[in-house]
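J.: One file is attached below, upload38.cif, containing mmCIF, C-alpha atoms and all ligand atoms.
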data_work
#
loop_
_atom_site.label_atom_id
_atom_site.label_comp_id
_atom_site.auth_asym_id
_atom_site.auth_seq_id
_atom_site.Cartn_x
_atom_site.Cartn_y
_atom_site.Cartn_z
CA MET A 17 119.77 76.96 -50.20
CA ALA A 18 122.34 74.39 -51.19
CA VAL A 19 125.71 76.04 -51.19
CA PHE A 20 127.12 73.84 -48.45
CA THR A 21 130.74 74.99 -48.81
CA PRO A 22 130.99 78.75 -49.43
CA VAL A 23 133.66 80.04 -51.84
CA SER A 24 134.44 83.76 -51.96
CA LEU A 25 135.95 85.70 -54.85
CA ASP A 26 139.17 85.89 -52.80
CA ASP A 27 139.19 82.08 -52.42
CA LEU A 28 138.68 81.71 -56.17
CA THR A 29 141.35 84.30 -56.95
CA ARG A 30 143.87 82.26 -54.94
CA TRP A 31 142.82 78.93 -56.54
CA ILE A 32 142.29 79.85 -60.19
CA PRO A 33 145.98 80.49 -61.16
CA THR A 34 146.50 76.70 -61.28
CA PHE A 35 144.18 76.75 -64.36
CA SER A 36 144.77 78.55 -67.66
CA LEU A 37 141.58 80.57 -67.30
CA GLY A 38 142.96 84.03 -66.56
CA LYS A 39 141.90 86.02 -63.50
CA ALA A 40 138.73 85.33 -61.52
CA LEU A 41 136.19 88.13 -62.08
CA ALA A 42 133.01 86.91 -60.34
CA ILE A 43 131.47 84.00 -58.45
CA LYS A 44 127.80 83.34 -57.70
CA GLY A 45 126.36 80.42 -55.73
CA ILE A 46 123.67 78.31 -57.47
CA SER A 47 120.74 77.68 -55.17
CA SER A 48 118.98 74.78 -56.91
CA GLY A 49 121.39 71.88 -56.34
CA ILE A 50 120.75 69.30 -53.64
CA GLU A 51 123.90 67.15 -53.65
CA ASN A 52 126.86 69.46 -54.23
CA SER A 53 127.91 73.09 -53.90
CA ASN A 54 127.66 74.68 -57.36
CA PHE A 55 128.78 78.14 -58.51
CA PHE A 56 128.71 80.10 -61.74
CA ILE A 57 132.17 81.62 -62.11
CA THR A 58 133.44 84.23 -64.55
CA THR A 59 137.10 84.46 -65.47
CA GLU A 60 138.97 86.38 -68.15
CA ARG A 61 138.32 83.37 -70.43
CA GLY A 62 134.54 83.21 -69.97
CA GLU A 63 131.83 81.60 -67.83
CA TYR A 64 132.12 78.19 -66.15
CA VAL A 65 130.53 76.09 -63.42
CA LEU A 66 132.52 75.22 -60.32
CA THR A 67 131.31 72.22 -58.31
CA ILE A 68 132.53 71.20 -54.87
CA PHE A 69 131.57 67.57 -54.30
CA GLU A 70 130.07 67.16 -50.87
CA LYS A 71 129.77 63.36 -50.82
CA LEU A 72 131.62 61.82 -53.76
CA SER A 73 135.30 61.14 -53.06
CA PHE A 74 138.47 61.65 -55.14
CA GLU A 75 138.38 57.89 -55.84
CA GLN A 76 134.74 57.86 -57.03
CA LEU A 77 134.81 60.98 -59.19
CA PRO A 78 136.94 59.90 -62.19
CA PHE A 79 134.15 57.70 -63.57
CA TYR A 80 131.78 60.68 -63.82
CA LEU A 81 134.19 63.43 -64.85
CA GLU A 82 136.24 61.33 -67.27
CA LEU A 83 132.96 60.14 -68.82
CA MET A 84 131.93 63.77 -69.35
CA ARG A 85 135.34 64.54 -70.86
CA HIS A 86 135.11 61.48 -73.13
CA LEU A 87 131.61 62.41 -74.29
CA ALA A 88 132.50 66.06 -74.90
CA GLN A 89 135.50 64.97 -76.96
CA HIS A 90 133.20 62.76 -79.06
CA GLY A 91 130.80 65.59 -79.92
CA VAL A 92 128.12 64.83 -77.31
CA LEU A 93 126.79 68.05 -75.78
CA VAL A 94 127.78 67.84 -72.11
CA PRO A 95 129.80 70.10 -69.78
CA GLU A 96 133.50 69.57 -70.46
CA PRO A 97 135.82 69.40 -67.42
CA ILE A 98 138.63 71.95 -67.55
CA PRO A 99 142.05 70.54 -66.62
CA ASN A 100 144.49 72.53 -64.52
CA GLN A 101 147.99 73.24 -65.83
CA GLU A 102 149.09 69.76 -64.72
CA GLY A 103 146.18 68.11 -66.58
CA ALA A 104 144.14 67.25 -63.46
CA ILE A 105 140.35 67.72 -63.71
CA ILE A 106 139.62 66.93 -60.03
CA ASN A 107 141.40 69.26 -57.62
CA PRO A 108 140.97 69.99 -53.91
CA LEU A 109 139.24 73.19 -52.79
CA HIS A 110 138.51 73.78 -49.09
CA GLY A 111 139.62 70.18 -48.50
CA LYS A 112 137.00 68.66 -50.81
CA PRO A 113 137.22 67.47 -54.41
CA ALA A 114 136.22 70.17 -56.90
CA ALA A 115 135.96 70.57 -60.67
CA ILE A 116 135.44 73.36 -63.19
CA VAL A 117 133.30 72.51 -66.21
CA THR A 118 132.04 74.50 -69.19
CA LYS A 119 128.74 76.31 -68.68
CA LEU A 120 125.81 75.21 -70.86
CA ASP A 121 123.71 77.99 -72.38
CA GLY A 122 119.98 78.28 -71.75
CA GLU A 123 117.52 76.85 -69.26
CA TRP A 124 115.91 73.49 -68.60
CA GLN A 125 112.58 72.94 -70.38
CA PRO A 126 109.70 72.37 -67.92
CA ALA A 127 107.02 71.80 -70.60
CA PRO A 128 108.65 69.88 -73.45
CA ALA A 129 107.05 69.60 -76.89
CA PRO A 130 107.82 66.89 -79.48
CA ILE A 131 110.64 69.03 -80.92
CA HIS A 132 112.47 68.95 -77.56
CA CYS A 133 111.85 65.20 -77.14
CA ALA A 134 113.28 64.53 -80.59
CA ALA A 135 116.42 66.51 -79.77
CA VAL A 136 116.85 64.60 -76.50
CA GLY A 137 116.26 61.21 -78.18
CA ALA A 138 118.84 61.87 -80.90
CA MET A 139 121.47 63.14 -78.43
CA LEU A 140 120.83 60.21 -76.08
CA ALA A 141 121.47 57.71 -78.88
CA LYS A 142 124.62 59.60 -79.84
CA MET A 143 125.73 59.51 -76.21
CA HIS A 144 125.20 55.74 -75.90
CA VAL A 145 127.23 55.07 -79.04
CA ALA A 146 130.00 57.52 -78.03
CA ALA A 147 130.31 56.00 -74.54
CA GLN A 148 130.79 52.44 -75.84
CA ASP A 149 134.58 52.61 -75.75
CA PHE A 150 134.82 54.55 -72.47
CA PRO A 151 137.33 52.46 -70.52
CA ILE A 152 136.21 52.98 -66.88
CA ARG A 153 133.38 50.68 -65.74
CA GLN A 154 131.06 51.27 -62.81
CA PRO A 155 127.70 49.53 -62.37
CA ASN A 156 124.50 51.52 -62.04
CA LEU A 157 124.53 51.96 -58.25
CA ARG A 158 120.71 52.33 -58.36
CA GLY A 159 120.19 49.05 -60.24
CA LEU A 160 118.65 45.69 -59.36
CA SER A 161 120.93 45.00 -56.36
CA TRP A 162 119.93 48.32 -54.84
CA TRP A 163 116.22 47.64 -55.54
CA ARG A 164 116.59 44.32 -53.67
CA GLU A 165 118.26 46.03 -50.69
CA THR A 166 115.83 48.94 -50.57
CA THR A 167 112.51 47.13 -51.01
CA PRO A 168 112.41 45.55 -47.52
CA VAL A 169 113.45 48.89 -45.97
CA VAL A 170 110.53 50.86 -47.43
CA LEU A 171 107.85 48.11 -47.47
CA PRO A 172 106.73 48.71 -43.85
CA TYR A 173 105.74 52.29 -44.71
CA LEU A 174 103.35 51.26 -47.50
CA PRO A 175 99.66 50.30 -47.32
CA GLN A 176 98.71 46.74 -48.36
CA ASP A 177 98.11 47.50 -52.04
CA GLY A 178 101.41 49.38 -52.32
CA GLN A 179 103.27 46.50 -50.66
CA ALA A 180 101.69 44.03 -53.07
CA LEU A 181 102.65 46.15 -56.09
CA LEU A 182 106.23 46.60 -54.90
CA ARG A 183 106.74 42.89 -54.13
CA THR A 184 105.19 41.78 -57.41
CA GLU A 185 107.19 44.27 -59.48
CA LEU A 186 110.51 43.39 -57.85
CA ALA A 187 109.84 39.69 -58.54
CA PHE A 188 108.88 40.52 -62.14
CA GLN A 189 112.10 42.51 -62.63
CA GLU A 190 114.29 39.81 -61.05
CA ASN A 191 112.77 37.29 -63.42
CA PHE A 192 113.18 39.60 -66.42
CA ALA A 193 116.82 40.38 -65.55
CA SER A 194 117.63 36.67 -65.79
CA SER A 195 115.93 36.22 -69.19
CA ASP A 196 117.60 35.64 -72.58
CA THR A 197 115.95 38.81 -73.87
CA TYR A 198 117.63 40.85 -71.14
CA ARG A 199 121.02 39.30 -71.89
CA GLN A 200 120.75 40.40 -75.52
CA LEU A 201 120.27 44.09 -74.65
CA GLN A 202 123.12 46.46 -75.50
CA HIS A 203 124.64 48.13 -72.52
CA GLY A 204 127.37 50.56 -71.49
CA PRO A 205 127.72 53.85 -69.62
CA VAL A 206 124.34 55.59 -69.29
CA HIS A 207 123.16 58.83 -67.67
CA ALA A 208 120.37 57.08 -65.69
CA ASP A 209 118.69 60.31 -64.49
CA LEU A 210 117.99 62.28 -67.67
CA PHE A 211 114.96 64.16 -66.38
CA ARG A 212 113.77 67.47 -67.81
CA ASN A 213 115.81 69.38 -65.20
CA ASN A 214 119.06 67.76 -66.36
CA VAL A 215 119.01 69.01 -69.96
CA MET A 216 119.55 72.59 -71.12
CA PHE A 217 117.79 74.21 -74.07
CA ASP A 218 118.41 77.60 -75.63
CA GLY A 219 114.97 78.12 -77.17
CA ASP A 220 114.37 74.87 -79.07
CA ARG A 221 118.10 74.14 -79.42
CA LEU A 222 119.47 71.48 -77.08
CA THR A 223 122.68 72.78 -75.53
CA GLY A 224 123.60 69.85 -73.29
CA PHE A 225 122.95 67.04 -70.81
CA PHE A 226 124.32 67.57 -67.30
CA ASP A 227 124.23 66.16 -63.74
CA PHE A 228 125.95 62.85 -64.51
CA TYR A 229 126.27 61.80 -60.87
CA PHE A 230 123.84 58.87 -61.13
CA ALA A 231 125.61 57.58 -64.26
CA GLY A 232 126.76 53.96 -64.41
CA CYS A 233 126.79 50.99 -66.74
CA ASP A 234 123.36 49.64 -67.54
CA THR A 235 121.28 48.81 -70.60
CA TRP A 236 120.76 51.61 -73.11
CA LEU A 237 117.05 50.80 -73.07
CA PHE A 238 116.84 51.44 -69.32
CA ASP A 239 118.31 54.92 -69.90
CA LEU A 240 115.75 55.59 -72.63
CA ALA A 241 112.92 54.36 -70.39
CA VAL A 242 114.01 56.73 -67.59
CA THR A 243 113.99 59.57 -70.11
CA VAL A 244 110.61 58.72 -71.70
CA ASN A 245 108.99 58.29 -68.27
CA ASP A 246 109.83 61.91 -67.47
CA TRP A 247 109.83 63.78 -70.81
CA CYS A 248 106.90 62.14 -72.59
CA ILE A 249 104.15 61.95 -69.98
CA ASP A 250 101.27 63.93 -68.64
CA LEU A 251 102.75 64.82 -65.23
CA ASP A 252 99.40 64.62 -63.39
CA SER A 253 98.34 61.15 -64.56
CA GLY A 254 101.63 59.54 -65.69
CA VAL A 255 99.95 58.66 -69.01
CA LEU A 256 102.31 58.58 -72.00
CA ASP A 257 101.82 61.41 -74.49
CA MET A 258 102.11 59.70 -77.88
CA PRO A 259 103.34 62.63 -80.02
CA ARG A 260 106.23 63.17 -77.58
CA VAL A 261 106.93 59.43 -77.22
CA ARG A 262 107.01 58.96 -81.02
CA ALA A 263 109.25 62.02 -81.47
CA MET A 264 111.77 60.74 -78.94
CA LEU A 265 111.76 57.09 -80.07
CA ASP A 266 111.95 57.88 -83.79
CA ALA A 267 114.81 60.34 -83.27
CA TYR A 268 116.72 57.82 -81.14
CA HIS A 269 116.11 54.98 -83.68
CA ALA A 270 117.37 57.17 -86.55
CA VAL A 271 120.76 57.50 -84.84
CA ARG A 272 121.04 54.06 -83.25
CA PRO A 273 118.51 51.52 -84.55
CA PHE A 274 116.70 49.43 -81.94
CA SER A 275 117.08 45.63 -81.89
CA ALA A 276 114.32 43.00 -81.83
CA ALA A 277 115.26 42.14 -78.22
CA GLU A 278 114.80 45.79 -77.27
CA GLN A 279 111.31 45.77 -78.80
CA ILE A 280 110.37 42.86 -76.52
CA ALA A 281 112.05 44.44 -73.49
CA TRP A 282 110.45 47.86 -73.84
CA GLN A 283 107.49 47.38 -71.52
CA PRO A 284 109.54 45.67 -68.76
CA MET A 285 112.07 48.53 -69.01
CA LEU A 286 109.45 51.25 -68.70
CA ARG A 287 108.28 49.41 -65.57
CA ALA A 288 111.87 49.03 -64.30
CA SER A 289 112.57 52.73 -64.58
CA ALA A 290 109.31 53.59 -62.78
CA LEU A 291 110.24 51.13 -60.02
CA ARG A 292 113.74 52.63 -59.67
CA PHE A 293 112.45 56.15 -59.01
CA TRP A 294 109.48 54.99 -56.91
CA LEU A 295 112.00 53.23 -54.65
CA SER A 296 114.44 56.14 -54.38
CA ARG A 297 111.62 58.58 -53.69
CA LEU A 298 110.11 56.26 -51.07
CA TYR A 299 113.50 55.95 -49.43
CA ASP A 300 114.13 59.71 -49.40
CA PHE A 301 110.58 60.39 -48.21
CA TYR A 302 110.45 57.93 -45.30
CA LEU A 303 114.14 57.81 -44.37
CA PRO A 304 115.40 61.34 -45.08
CA ARG A 305 119.10 61.92 -44.49
CA ALA A 306 119.55 64.81 -42.05
CA ALA A 307 119.24 68.21 -43.78
CA GLU A 308 119.96 66.78 -47.21
CA ILE A 309 116.70 66.63 -49.10
CA LEU A 310 114.87 69.84 -48.49
CA THR A 311 111.53 68.96 -50.08
CA PRO A 312 111.42 65.26 -50.89
CA HIS A 313 110.03 64.38 -54.33
CA ASP A 314 106.56 62.79 -54.28
CA PRO A 315 106.88 58.96 -54.42
CA THR A 316 103.24 58.48 -55.47
CA HIS A 317 104.10 60.08 -58.84
CA PHE A 318 106.18 57.02 -59.76
CA GLU A 319 103.75 54.58 -58.16
CA ARG A 320 101.13 56.02 -60.55
CA ILE A 321 103.51 55.69 -63.50
CA LEU A 322 104.31 52.09 -62.56
CA ARG A 323 100.61 51.18 -62.36
CA GLN A 324 100.08 52.80 -65.77
CA ARG A 325 102.99 50.91 -67.37
CA VAL A 326 101.81 47.58 -65.90
CA ALA A 327 98.23 48.12 -67.06
CA HIS A 328 98.91 49.34 -70.62
CA PRO A 329 101.06 47.76 -73.34
CA ALA A 330 104.05 49.90 -74.28
CA PRO A 331 103.93 51.68 -77.65
CA ALA A 332 106.13 49.95 -80.25
CA LEU A 333 109.74 51.08 -80.12
CA TYR A 334 109.80 50.97 -83.93
CA GLN A 335 107.70 49.55 -86.77
CA ALA A 336 109.30 46.30 -87.96
CA GLU A 337 109.74 46.30 -91.79
N1 LIG B 401 127.41 72.87 -66.71
C1 LIG B 401 126.37 73.61 -66.36
N2 LIG B 401 125.98 74.63 -67.13
C2 LIG B 401 124.94 75.43 -66.78
N3 LIG B 401 124.27 75.31 -65.62
C3 LIG B 401 124.62 74.31 -64.80
C4 LIG B 401 125.68 73.40 -65.11
N4 LIG B 401 125.80 72.53 -64.07
C5 LIG B 401 124.88 72.87 -63.17
N5 LIG B 401 124.16 73.93 -63.58
C6 LIG B 401 123.09 74.62 -62.85
O1 LIG B 401 123.19 74.25 -61.49
C7 LIG B 401 121.96 73.67 -61.02
C8 LIG B 401 122.26 72.57 -60.04
O2 LIG B 401 123.03 71.56 -60.67
P1 LIG B 401 122.83 70.03 -60.35
O3 LIG B 401 123.87 69.28 -61.11
O4 LIG B 401 121.41 69.63 -60.56
O5 LIG B 401 123.18 70.02 -58.79
P2 LIG B 401 123.10 68.85 -57.73
O6 LIG B 401 123.91 67.72 -58.29
O7 LIG B 401 123.70 69.47 -56.51
O8 LIG B 401 121.63 68.50 -57.59
C9 LIG B 401 121.25 73.19 -62.29
O9 LIG B 401 119.86 73.18 -62.16
C10 LIG B 401 121.71 74.22 -63.32
O10 LIG B 401 120.90 75.36 -63.26
N1 LIG B 402 115.47 62.78 -60.82
C1 LIG B 402 115.28 62.17 -59.53
C2 LIG B 402 116.03 62.83 -58.42
C3 LIG B 402 117.48 63.18 -58.75
O1 LIG B 402 117.65 64.53 -58.48
P1 LIG B 402 118.44 65.55 -59.46
O2 LIG B 402 117.71 66.86 -59.29
O3 LIG B 402 119.85 65.56 -58.94
O4 LIG B 402 118.33 65.03 -60.87
C4 LIG B 402 113.78 62.18 -59.15
O5 LIG B 402 113.05 62.98 -59.74
O6 LIG B 402 113.39 61.41 -58.27
#
Take the structure in this file and express it as structure tokens.
Ligand SMILES: Nc1ncnc2c1ncn2[C@@H]1O[C@H](COP(=O)(O)OP(=O)(O)O)[C@@H](O)[C@H]1O
Ligand SMILES: N[C@@H](CCOP(=O)(O)O)C(=O)O
T.:
Amino acid sequence: MAVFTPVSLDDLTRWIPTFSLGKALAIKGISSGIENSNFFITTERGEYVLTIFEKLSFEQLPFYLELMRHLAQHGVLVPEPIPNQEGAIINPLHGKPAAIVTKLDGEWQPAPAPIHCAAVGAMLAKMHVAAQDFPIRQPNLRGLSWWRETTPVVLPYLPQDGQALLRTELAFQENFASSDTYRQLQHGPVHADLFRNNVMFDGDRLTGFFDFYFAGCDTWLFDLAVTVNDWCIDLDSGVLDMPRVRAMLDAYHAVRPFSAAEQIAWQPMLRASALRFWLSRLYDFYLPRAAEILTPHDPTHFERILRQRVAHPAPALYQAE
């Protein structure tokens, strides 16, 4: 499932001459996507990924694709958009915006070990630093304003204890977002959805981050919290796995040292990132958009993580000297 707009080899053969990629040799639909139509394509120059954007418009796409181009040009491992002969990286195909990007080697890592977490932590820090001077700004569209809008929509579907948790956590996050500590946090373009299935590994070698379509400007610490809450936990209980947490945090800190404000903000941020995905999963579960989400992700997974992060102090981001 999930090639919404079919593209044949003949279609590709007619379209590809606008790029300097040689002749089209093969095209294969990718079944695992849920937002866009994705294809592996082979041309005389090599293998690439073609994406037809089903929902994002020509106006919305530059933030994501120019960010990927900027990061790739600064040595961050991400798919690099391929320009056509006129320099455009977003081009129409079957009436929708489309892009060709470089194909990352390997597979995503479903059972990460500390070595994988360290590689992700170091690359994430490198990405945050490299994105600092990216000139296009877009807020995280799944940030606090969206949590405020979405909470009253999903509350009626929850039992009493779930309602109480959601209300209390939203109030806690609103309060935290207006604190001096929050204002001191470094921010900029972040991935905001760097789950295990959005990073490729070839063996133990990280080959790239992908799926940037939830990216936006937010605190770097929020991005790290999203990543830790997926990569460094026991998936059944949501409990943090300390060897993986330490590996990721230490590798991040070695590239971009944490600040004192970030140390204080770490527990609220782990809670914020759990809240963000609890809300989106609740929304997709109880208010599914027609034929879009085939098997909704389980919202209780992030409710469990949120309860864990509220109940237990966060591990230190770094040991103060
Ligand atoms: N640049 C890339 N290199 C290698 N594989 C990719 C690349 N982009 C996407 N894929 C493959 O396509 C699948 C779906 O991509 P994804 O971005 O998650 O789609 P969607 O945004 O539709 O959910 C990924 O799981 C991965 O296997
Ligand atoms: N990572 C999110 C869902 C986003 O889906 P993706 O497959 O496009 O990353 C979640 O797990 O809720």
J.: How many Å separate atom CA of A:Val23 from atom CA of A:Glu75?
T.: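 Distance between the two atoms: 23.0 Å.
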J.: Given the choices A:Leu83, A:Met264, A:Leu93, A:Leu25, which gets closest to A:Arg153 if the distance is worked out from only C-alpha atoms?
T.: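 Residue with the minimum atom-to-atom distance to A:Arg153: A:Leu83.
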J.: In Å, with one decimal, what is the gap from atom CA of A:His86 to atom CA of A:Ala135?
T.: 20.5 Å
J.: Can you list, as a short mmCIF file (atom, residue, chain, number, x, y, z; two decimals) with C-alpha atoms, in the coordinates of the input, every protein, DNA or RNA residue that comes within 12 Å of A:Asp252 when you count all atoms listed in the file, leaving out same-chain residues fewer than 6 positions away?
T.:
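Dumped everything to part.cif:
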data_model
loop_
_atom_site.label_atom_id
_atom_site.label_comp_id
_atom_site.auth_asym_id
_atom_site.auth_seq_id
_atom_site.Cartn_x
_atom_site.Cartn_y
_atom_site.Cartn_z
CA ASP A 246 109.83 61.91 -67.47
CA ASP A 314 106.56 62.79 -54.28
CA THR A 316 103.24 58.48 -55.47
CA HIS A 317 104.10 60.08 -58.84
CA PHE A 318 106.18 57.02 -59.76
CA ARG A 320 101.13 56.02 -60.55
CA ILE A 321 103.51 55.69 -63.50
#
J.: Could you list, as number ranges by chain, all the residues within 7 Å of ligand LIG 401 (chain B), counting all atoms listed in the file?
T.: A: 46, 48-54, 65, 95, 117-121, 213-214, 226-227, 229
J.: What do you get as a list in words if you pick all residues at most 6 Å from ligand LIG 402 (chain B), counting only C-alpha atoms and all ligand atoms?
T.: Asp209, Phe211, Phe293, Arg297 and His313 of chain A
J.: What does the file look like for those residues with C-alpha atoms, as a PDB file, keeping the file's coordinate frame?
T.:
ATOM      1  CA  ASP A 209     118.690  60.310 -64.490  1.00  0.00           C
ATOM      2  CA  PHE A 211     114.960  64.160 -66.380  1.00  0.00           C
ATOM      3  CA  PHE A 293     112.450  56.150 -59.010  1.00  0.00           C
ATOM      4  CA  ARG A 297     111.620  58.580 -53.690  1.00  0.00           C
ATOM      5  CA  HIS A 313     110.030  64.380 -54.330  1.00  0.00           C
TER       6      HIS A 313
END
J.: In Å, how far is it from atom CA of A:Glu96 to atom CA of A:Leu109?
T.: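 Between atom CA of A:Glu96 and atom CA of A:Leu109 the gap is 18.9 Å.
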J.: Which residue out of A:His269, A:Arg85, A:His144, A:Arg287 has the minimum interatomic distance to A:Phe188 when all atoms listed in the file are used?
T.: A:Arg287
J.: Can you tell me which residues surround A:Gln324 at a distance of at most 12 Å, considering all atoms listed in the file, apart from same-chain residues fewer than 3 positions away, and format the answer as an MDAnalysis selection string?
T.: chainID A and resid 245 249:250 253:256 283 286:287 290:291 317:321 327:330
J.: Give me a file of those residues, with C-alpha atoms, as a CSV table (one decimal), keeping the file's coordinate frame.
T.:
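What landed in result_27.csv:
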chain,number,residue,atom,x,y,z
A,245,ASN,CA,109.0,58.3,-68.3
A,249,ILE,CA,104.2,62.0,-70.0
A,250,ASP,CA,101.3,63.9,-68.6
A,253,SER,CA,98.3,61.2,-64.6
A,254,GLY,CA,101.6,59.5,-65.7
A,255,VAL,CA,100.0,58.7,-69.0
A,256,LEU,CA,102.3,58.6,-72.0
A,283,GLN,CA,107.5,47.4,-71.5
A,286,LEU,CA,109.4,51.2,-68.7
A,287,ARG,CA,108.3,49.4,-65.6
A,290,ALA,CA,109.3,53.6,-62.8
A,291,LEU,CA,110.2,51.1,-60.0
A,317,HIS,CA,104.1,60.1,-58.8
A,318,PHE,CA,106.2,57.0,-59.8
A,319,GLU,CA,103.8,54.6,-58.2
A,320,ARG,CA,101.1,56.0,-60.6
A,321,ILE,CA,103.5,55.7,-63.5
A,327,ALA,CA,98.2,48.1,-67.1
A,328,HIS,CA,98.9,49.3,-70.6
A,329,PRO,CA,101.1,47.8,-73.3
A,330,ALA,CA,104.0,49.9,-74.3
J.: Of the candidates A:Pro259, A:Trp294, A:Tyr64, A:Tyr302, which shows the shortest atom-to-atom distance to A:Leu181, using all atoms listed in the file?
T.: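 The shortest atom-to-atom distance to A:Leu181 comes from A:Trp294.
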J.: Pick out the closest residue to A:Glu63 from this set: A:Lys39, A:Ala146, A:Ala231, A:Gln101. Count all atoms listed in the file.
T.: A:Lys39
J.: If we count all atoms listed in the file and set the cut-off at 12 Å, which residues sit around A:Ala267, ignoring sequence neighbours fewer than 5 positions away in its own chain? Please answer as a list in words.
T.: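 That gives Pro130, Ile131, His132, Cys133, Ala134, Ala135, Val136, Gly137, Ala138, Met139, Leu140, Ala141, Lys142, Leu240, Arg260, Val261, Arg262, Arg272, Pro273, Phe274, Leu333 and Tyr334 of chain A.
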J.: Which residues are close to A:Ala277, i.e. within 7 Å by only C-alpha atoms, leaving aside same-chain residues fewer than 6 positions away? Reply as a list in words.
T.: Thr197, Gln200 and Leu201 of chain A
